[in-house]
Structures are given as C-alpha cells and as structure tokens.
>>> print(open('protein_13.pdb').read())   # PDB, C-alpha atoms
MODEL        1
ATOM      1  CA  MET H   1       0.000   0.000   0.000
ATOM      2  CA  ILE H   2       1.197   3.527  -0.838
ATOM      3  CA  ILE H   3       0.134   6.307   1.538
ATOM      4  CA  ASN H   4      -0.165   9.800   0.035
ATOM      5  CA  THR H   5      -0.201  12.302   2.901
ATOM      6  CA  GLY H   6      -1.046  15.352   0.783
ATOM      7  CA  GLY H   7      -3.900  14.333  -1.477
ATOM      8  CA  ARG H   8      -6.626  16.428   0.146
ATOM      9  CA  THR H   9      -4.727  19.138   1.999
ATOM     10  CA  ASP H  10      -1.171  20.135   2.902
ATOM     11  CA  THR H  11      -1.066  17.832   5.916
ATOM     12  CA  VAL H  12       2.637  18.454   6.528
ATOM     13  CA  GLN H  13       2.242  22.235   6.775
ATOM     14  CA  TYR H  14      -0.993  22.362   8.758
ATOM     15  CA  PHE H  15      -1.303  19.063  10.642
ATOM     16  CA  SER H  16       2.236  17.776  11.283
ATOM     17  CA  LYS H  17       1.627  16.893  14.928
ATOM     18  CA  TRP H  18      -1.496  14.921  14.008
ATOM     19  CA  LEU H  19       0.354  13.161  11.169
ATOM     20  CA  LEU H  20       3.244  12.142  13.406
ATOM     21  CA  LYS H  21       0.820  10.875  16.054
ATOM     22  CA  ARG H  22      -1.005   8.757  13.484
ATOM     23  CA  PHE H  23       2.256   7.074  12.471
ATOM     24  CA  ASP H  24       3.281   6.664  16.118
ATOM     25  CA  GLU H  25      -0.047   4.981  16.915
ATOM     26  CA  GLY H  26       0.059   2.932  13.708
ATOM     27  CA  TYR H  27      -3.286   3.704  12.092
ATOM     28  CA  VAL H  28      -5.431   6.457  10.580
ATOM     29  CA  LEU H  29      -9.170   6.851  10.051
ATOM     30  CA  SER H  30     -10.178   8.455   6.759
ATOM     31  CA  ARG H  31     -13.643   9.787   5.985
ATOM     32  CA  ASN H  32     -14.863   9.460   2.401
ATOM     33  CA  PRO H  33     -15.646  13.049   1.257
ATOM     34  CA  MET H  34     -18.384  11.815  -1.094
ATOM     35  CA  PHE H  35     -19.987   9.517   1.490
ATOM     36  CA  PRO H  36     -19.415  11.142   4.922
ATOM     37  CA  ASN H  37     -20.790   8.167   6.827
ATOM     38  CA  LYS H  38     -18.143   5.882   5.348
ATOM     39  CA  VAL H  39     -14.937   5.844   7.407
ATOM     40  CA  SER H  40     -12.027   3.581   6.504
ATOM     41  CA  ARG H  41      -9.208   2.493   8.788
ATOM     42  CA  TYR H  42      -5.702   2.170   7.347
ATOM     43  CA  GLU H  43      -2.879   0.477   9.209
ATOM     44  CA  LEU H  44       0.266   2.625   9.204
ATOM     45  CA  THR H  45       2.789  -0.086   9.930
ATOM     46  CA  PRO H  46       5.898  -1.103   7.961
ATOM     47  CA  ASP H  47       4.432  -4.515   7.156
ATOM     48  CA  LYS H  48       1.387  -2.892   5.501
ATOM     49  CA  VAL H  49       2.855   0.279   3.953
ATOM     50  CA  ASP H  50       5.247   0.002   1.013
ATOM     51  CA  CYS H  51       5.914   3.724   0.724
ATOM     52  CA  VAL H  52       4.795   7.028   2.234
ATOM     53  CA  ILE H  53       4.511   9.906  -0.232
ATOM     54  CA  PHE H  54       4.638  13.461   1.051
ATOM     55  CA  CYS H  55       3.347  16.473  -0.905
ATOM     56  CA  SER H  56       3.800  19.894   0.672
ATOM     57  CA  LYS H  57       4.654  23.541   0.141
ATOM     58  CA  ASN H  58       6.301  23.814   3.557
ATOM     59  CA  TYR H  59       8.251  21.061   5.319
ATOM     60  CA  ALA H  60       9.534  23.303   8.127
ATOM     61  CA  PRO H  61       6.912  22.127  10.679
ATOM     62  CA  ILE H  62       7.974  18.470  10.419
ATOM     63  CA  LEU H  63      11.733  18.668   9.754
ATOM     64  CA  ASP H  64      12.877  18.027  13.317
ATOM     65  CA  ASP H  65      10.678  14.938  13.624
ATOM     66  CA  ILE H  66      10.646  13.533  10.088
ATOM     67  CA  HIS H  67      13.029  10.767  11.196
ATOM     68  CA  ARG H  68      10.140   9.260  13.179
ATOM     69  CA  ILE H  69       8.669   8.282   9.818
ATOM     70  CA  THR H  70      11.747   7.950   7.583
ATOM     71  CA  ASP H  71      13.454   5.606  10.061
ATOM     72  CA  ARG H  72      10.581   3.117   9.683
ATOM     73  CA  PHE H  73       9.204   3.559   6.156
ATOM     74  CA  ASN H  74      10.256   3.991   2.559
ATOM     75  CA  THR H  75       9.494   7.638   1.758
ATOM     76  CA  TYR H  76       9.455  10.107  -1.108
ATOM     77  CA  PHE H  77       8.946  13.875  -0.914
ATOM     78  CA  PHE H  78       7.370  16.276  -3.396
ATOM     79  CA  TYR H  79       8.217  19.871  -2.500
ATOM     80  CA  THR H  80       6.288  22.581  -4.356
ATOM     81  CA  ILE H  81       8.154  25.864  -4.799
ATOM     82  CA  THR H  82       6.929  28.250  -7.487
ATOM     83  CA  ALA H  83       7.261  31.865  -8.563
ATOM     84  CA  TYR H  84       4.144  32.995  -6.717
ATOM     85  CA  GLY H  85       4.192  35.395  -3.801
ATOM     86  CA  LYS H  86       1.771  36.192  -1.001
ATOM     87  CA  ASP H  87      -0.681  37.683  -3.513
ATOM     88  CA  ILE H  88      -1.464  34.175  -4.799
ATOM     89  CA  GLU H  89      -0.191  31.914  -1.993
ATOM     90  CA  PRO H  90      -0.566  33.876   1.270
ATOM     91  CA  GLY H  91       0.146  30.907   3.543
ATOM     92  CA  VAL H  92       3.343  29.777   1.828
ATOM     93  CA  PRO H  93       6.870  30.834   2.907
ATOM     94  CA  SER H  94       9.006  32.956   0.574
ATOM     95  CA  ILE H  95      11.026  31.364  -2.222
ATOM     96  CA  ASP H  96      14.283  31.764  -0.301
ATOM     97  CA  GLU H  97      12.823  30.309   2.910
ATOM     98  CA  SER H  98      11.366  27.404   0.960
ATOM     99  CA  MET H  99      14.655  26.677  -0.804
ATOM    100  CA  ASP H 100      16.508  26.683   2.535
ATOM    101  CA  THR H 101      13.957  24.224   3.949
ATOM    102  CA  LEU H 102      14.235  21.999   0.874
ATOM    103  CA  LYS H 103      18.013  21.875   1.262
ATOM    104  CA  GLU H 104      17.630  20.880   4.908
ATOM    105  CA  LEU H 105      15.072  18.212   4.017
ATOM    106  CA  SER H 106      17.365  16.848   1.308
ATOM    107  CA  GLU H 107      20.253  16.689   3.762
ATOM    108  CA  LYS H 108      18.123  14.679   6.189
ATOM    109  CA  VAL H 109      16.516  12.213   3.743
ATOM    110  CA  GLY H 110      18.850  12.256   0.709
ATOM    111  CA  LYS H 111      18.376  14.024  -2.627
ATOM    112  CA  GLY H 112      17.238  10.782  -4.268
ATOM    113  CA  ARG H 113      14.003  11.015  -2.279
ATOM    114  CA  VAL H 114      13.164  14.665  -3.026
ATOM    115  CA  ALA H 115      11.405  16.048  -6.114
ATOM    116  CA  TRP H 116      10.922  19.767  -6.649
ATOM    117  CA  ARG H 117       7.496  20.635  -8.098
ATOM    118  CA  TYR H 118       7.293  23.861 -10.080
ATOM    119  CA  ASP H 119       3.574  23.706 -10.656
ATOM    120  CA  PRO H 120       1.058  24.664 -11.627
ATOM    121  CA  VAL H 121       2.428  27.178 -14.120
ATOM    122  CA  LEU H 122      -0.139  29.919 -14.631
ATOM    123  CA  LEU H 123      -0.077  33.377 -16.159
ATOM    124  CA  THR H 124      -1.403  36.695 -14.849
ATOM    125  CA  LYS H 125      -0.407  40.260 -15.648
ATOM    126  CA  ASP H 126       2.266  39.952 -12.921
ATOM    127  CA  TYR H 127       3.307  36.330 -13.497
ATOM    128  CA  THR H 128       4.327  36.443 -17.128
ATOM    129  CA  VAL H 129       6.336  33.972 -19.189
ATOM    130  CA  ASP H 130       9.416  36.152 -18.596
ATOM    131  CA  ARG H 131       8.861  36.193 -14.850
ATOM    132  CA  HIS H 132       8.614  32.404 -14.777
ATOM    133  CA  MET H 133      11.872  32.191 -16.709
ATOM    134  CA  GLU H 134      13.607  34.608 -14.336
ATOM    135  CA  THR H 135      12.363  32.833 -11.216
ATOM    136  CA  PHE H 136      13.118  29.335 -12.502
ATOM    137  CA  SER H 137      16.590  30.538 -13.564
ATOM    138  CA  TYR H 138      17.141  31.786 -10.012
ATOM    139  CA  MET H 139      15.945  28.581  -8.345
ATOM    140  CA  ALA H 140      17.351  25.865 -10.621
ATOM    141  CA  PRO H 141      21.063  26.345  -9.798
ATOM    142  CA  GLU H 142      20.203  26.571  -6.103
ATOM    143  CA  LEU H 143      18.208  23.335  -6.006
ATOM    144  CA  THR H 144      19.707  21.029  -8.619
ATOM    145  CA  ASP H 145      22.202  19.455  -6.188
ATOM    146  CA  HIS H 146      19.465  18.790  -3.638
ATOM    147  CA  VAL H 147      16.722  17.129  -5.683
ATOM    148  CA  HIS H 148      16.190  13.968  -7.692
ATOM    149  CA  ARG H 149      14.216  15.808 -10.389
ATOM    150  CA  CYS H 150      11.897  18.723 -11.094
ATOM    151  CA  ILE H 151       8.280  18.323 -12.178
ATOM    152  CA  PHE H 152       6.170  21.005 -13.810
ATOM    153  CA  SER H 153       2.650  21.267 -15.164
ATOM    154  CA  PHE H 154       0.371  23.868 -16.670
ATOM    155  CA  VAL H 155      -2.651  25.049 -14.725
ATOM    156  CA  GLU H 156      -5.915  23.265 -15.452
ATOM    157  CA  MET H 157      -8.780  25.749 -15.703
ATOM    158  CA  TYR H 158     -11.435  24.242 -13.474
ATOM    159  CA  ASN H 159     -14.679  26.200 -13.042
ATOM    160  CA  LYS H 160     -13.883  26.809  -9.368
ATOM    161  CA  LEU H 161     -10.448  28.179 -10.260
ATOM    162  CA  GLN H 162     -11.878  30.542 -12.864
ATOM    163  CA  PHE H 163     -14.280  31.856 -10.214
ATOM    164  CA  ASN H 164     -11.644  32.180  -7.462
ATOM    165  CA  MET H 165      -8.867  33.572  -9.688
ATOM    166  CA  PRO H 166     -10.408  35.599 -12.500
ATOM    167  CA  GLU H 167      -7.020  37.265 -13.071
ATOM    168  CA  ILE H 168      -5.600  34.116 -14.685
ATOM    169  CA  ILE H 169      -4.774  34.562 -18.352
ATOM    170  CA  PRO H 170      -5.640  31.426 -20.370
ATOM    171  CA  LEU H 171      -2.518  29.650 -21.615
ATOM    172  CA  ARG H 172      -2.309  29.688 -25.396
ATOM    173  CA  GLU H 173      -0.321  27.115 -27.319
ATOM    174  CA  GLY H 174       2.454  29.636 -27.971
ATOM    175  CA  ASN H 175       2.789  30.324 -24.233
ATOM    176  CA  ARG H 176       2.927  26.608 -23.460
ATOM    177  CA  ILE H 177       5.661  26.049 -26.037
ATOM    178  CA  ALA H 178       7.658  29.063 -24.824
ATOM    179  CA  LEU H 179       7.385  27.942 -21.195
ATOM    180  CA  ALA H 180       8.251  24.312 -21.907
ATOM    181  CA  LYS H 181      11.248  25.244 -24.078
ATOM    182  CA  GLY H 182      12.436  27.869 -21.608
ATOM    183  CA  LEU H 183      12.137  25.695 -18.528
ATOM    184  CA  GLY H 184      13.672  22.790 -20.406
ATOM    185  CA  GLN H 185      16.708  24.809 -21.473
ATOM    186  CA  ILE H 186      17.255  26.201 -17.985
ATOM    187  CA  ALA H 187      16.996  22.706 -16.514
ATOM    188  CA  LYS H 188      19.461  21.367 -19.092
ATOM    189  CA  ASP H 189      21.907  24.183 -18.363
ATOM    190  CA  ASN H 190      21.783  23.249 -14.682
ATOM    191  CA  ASP H 191      21.971  19.459 -15.143
ATOM    192  CA  LEU H 192      18.481  19.177 -13.681
ATOM    193  CA  THR H 193      16.089  16.428 -14.776
ATOM    194  CA  LEU H 194      12.784  18.035 -15.784
ATOM    195  CA  GLN H 195       9.586  16.143 -16.450
ATOM    196  CA  VAL H 196       5.921  16.949 -16.838
ATOM    197  CA  CYS H 197       3.357  16.026 -14.199
ATOM    198  CA  GLY H 198       1.395  12.806 -14.694
ATOM    199  CA  THR H 199      -1.695  14.772 -15.719
TER     200      THR H 199
ENDMDL
END
>>> encode(input="protein_13.pdb", output="structure tokens")
Amino acid sequence: MIINTGGRTDTVQYFSKWLLKRFDEGYVLSRNPMFPNKVSRYELTPDKVDCVIFCSKNYAPILDDIHRITDRFNTYFFYTITAYGKDIEPGVPSIDESMDTLKELSEKVGKGRVAWRYDPVLLTKDYTVDRHMETFSYMAPELTDHVHRCIFSFVEMYNKLQFNMPEIIPLREGNRIALAKGLGQIAKDNDLTLQVCGT
C-alpha cells in the first residue's frame, strides 16, 4: 500500500503533529468526502505500507521529527516551490525560505528522495512567461544538487479556479511552447532532470 499524505490538503504544513501521532499509533481513520458516513481504517505499519509519499509547500513544521517516519518507512517527498508570492499563496513561505527548507530536508533524507514541483504554471499580468523564466533561472542552480528531479505542469482551468482567480490569463499554445522550451533549457543548463506532471 502507498500512503499519500497530501492528497486532500497540505497535511505536513498544517497538521504535522497529528500526522506524526497517526504514524506513532500505527493507524489512521479516513472519511470518504463523497460519502461522509463511510470511514475507513488504514494500518500505518511497515508490514502494511510500502511507501509514504509526502506532498507539501512547507516542510519546516515536520523537519525536526521527520526521522520518526523515515526511520521506519520507505518515503518520497514532493516539494512545491513556485514563482508565486503572497498575492497568490498567502500561507506559503518565501522562495528563499522554501529553498533553505528543501536543502535541509534533502540533507536529512537524501536528494534521491526529493522532487521539486514547479507547478502549476499559470499566467497573470504579474506572473508572465518572462517572470517564470527569471524565477526558474534563479531557483534551478540553487536546487539542482538537492533534488532527484523537477516536475512542472500547466494550470488546469477548473470552473472553481476561474471563479476564485479571474485574473488568470488562459494559456495559449504559444505560451505553453515558450514555457516548456524555456524551462527545459534552464533545466538542461543546470543538469536538472525536468519532467511533466502525470496529468
């Protein structure tokens, strides 16, 4: 069984103490969001769990205690760091803070277990193709020695997203090509493996 700790929310950033307690006690109860009366129990023990996947935008809250999980389980970490500031992601640390935390995480668990996510890539009047290139150019040389790979994706325009972020500029094919080529070249220049998200 593979446990994904960040499928519904950023559990690492907001609920680290709860997450650590669940692994210490060896089980978790999960409510089905579509059928609230259905609650499933999952055993969080090494004999049942093949790998624990972490997805977060801030690993600082769990860094000092991450060994409580990594000492017992196979683990892999997706760390999302993008170009966006407090205007789009108010609860996320700055780029520099996030990069420092990623480096510390990588030192603790090994770069082979850390992937940097630069996604989703979206455009607004402030977050242009050029700004993405500048920011990615700044981050890539800083992170390449601390990550296994980098993953990027383009934003998917869900109805809810269009309502919540009307400032998003739809990505045209030319923008997608320019972004993919630009990010790809920067990654190549920094000996960084770049791949697209599974979607």
>>> closest_atom_pairs(input="protein_13.pdb", of="stretch 99-156 of chain H", to="stretch 63-78 of chain H", cutoff="6 Å", atoms="only C-alpha atoms", output="Markdown table")
| residue | atom | partner | partner_atom | distance |
| --- | --- | --- | --- | --- |
| H:Arg113 | CA | H:Tyr76 | CA | 4.8 |
| H:Val114 | CA | H:Phe77 | CA | 4.8 |
| H:Ala115 | CA | H:Phe78 | CA | 4.9 |
| H:Trp116 | CA | H:Phe78 | CA | 5.9 |
>>> closest_residue(input="protein_13.pdb", among="H:Leu20, H:Ile186, H:Val129, H:Ile169", to="H:Thr144", atoms="all atoms listed in the file")
H:Ile186
>>> residues_around(input="protein_13.pdb", residues="stretch 86-91 of chain H", least_positions_apart="6", cutoff="12 Å", atoms="all atoms listed in the file", output="number ranges by chain")
H: 10, 13-14, 56-58, 80, 120, 122-124, 126-127, 164-168
>>> atom_distance(input="protein_13.pdb", atom1="atom CA of H:Ser137", atom2="atom CA of H:Val196")
17.6 Å
>>> closest_atom_pairs(input="protein_13.pdb", of="stretch 25-136 of chain H", to="stretch 180-184 of chain H", cutoff="12 Å", atoms="only C-alpha atoms", output="Markdown table")
| residue | atom | partner | partner_atom | distance |
| --- | --- | --- | --- | --- |
| H:Tyr118 | CA | H:Leu183 | CA | 9.9 |
| H:Asp119 | CA | H:Leu183 | CA | 11.8 |
| H:Val121 | CA | H:Ala180 | CA | 10.1 |
| H:Val129 | CA | H:Gly182 | CA | 9.0 |
| H:Asp130 | CA | H:Gly182 | CA | 9.3 |
| H:Arg131 | CA | H:Gly182 | CA | 11.3 |
| H:His132 | CA | H:Leu183 | CA | 8.5 |
| H:Met133 | CA | H:Gly182 | CA | 6.6 |
| H:Glu134 | CA | H:Leu183 | CA | 10.0 |
| H:Thr135 | CA | H:Leu183 | CA | 10.2 |
| H:Phe136 | CA | H:Leu183 | CA | 7.1 |
>>> atom_distance(input="protein_13.pdb", atom1="atom CA of H:Arg149", atom2="atom CA of H:Lys48")
27.7 Å
>>> atom_distance(input="protein_13.pdb", atom1="atom CA of H:Glu25", atom2="atom CA of H:Lys111")
28.3 Å
>>> closest_residue(input="protein_13.pdb", among="H:Lys17, H:His148, H:Arg172, H:Arg41", to="H:Arg117", atoms="only C-alpha atoms")
H:His148
>>> axis_aligned_box(input="protein_13.pdb", around="stretch 82-95 of chain H", padding_each_side="3 Å", output="JSON")
{"center_x": 4.8, "center_y": 33.0, "center_z": -2.5, "size_x": 18.5, "size_y": 15.4, "size_z": 18.1}
>>> closest_residue(input="protein_13.pdb", among="H:Thr82, H:Leu29, H:Asn4, H:Leu19", to="H:Asp50", atoms="only C-alpha atoms")
H:Asn4
>>> resolve_selection(input="protein_13.pdb", expression="the PyMOL selection byres ((chain H and resi 99) around 10)", output="number ranges by chain")
H: 58, 79-81, 93-98, 100-105, 116, 139, 142-143, 146
>>> residues_near_point(input="protein_13.pdb", point="(17.5, 19.4, -12.8)", cutoff="6 Å", atoms="only C-alpha atoms", output="PyMOL selection string")
chain H and resi 144+149-150+187+191-194
>>> closest_residue(input="protein_13.pdb", among="H:Ala60, H:Met34, H:Ala83, H:Ile2", to="H:Pro46", atoms="all atoms listed in the file")
H:Ile2
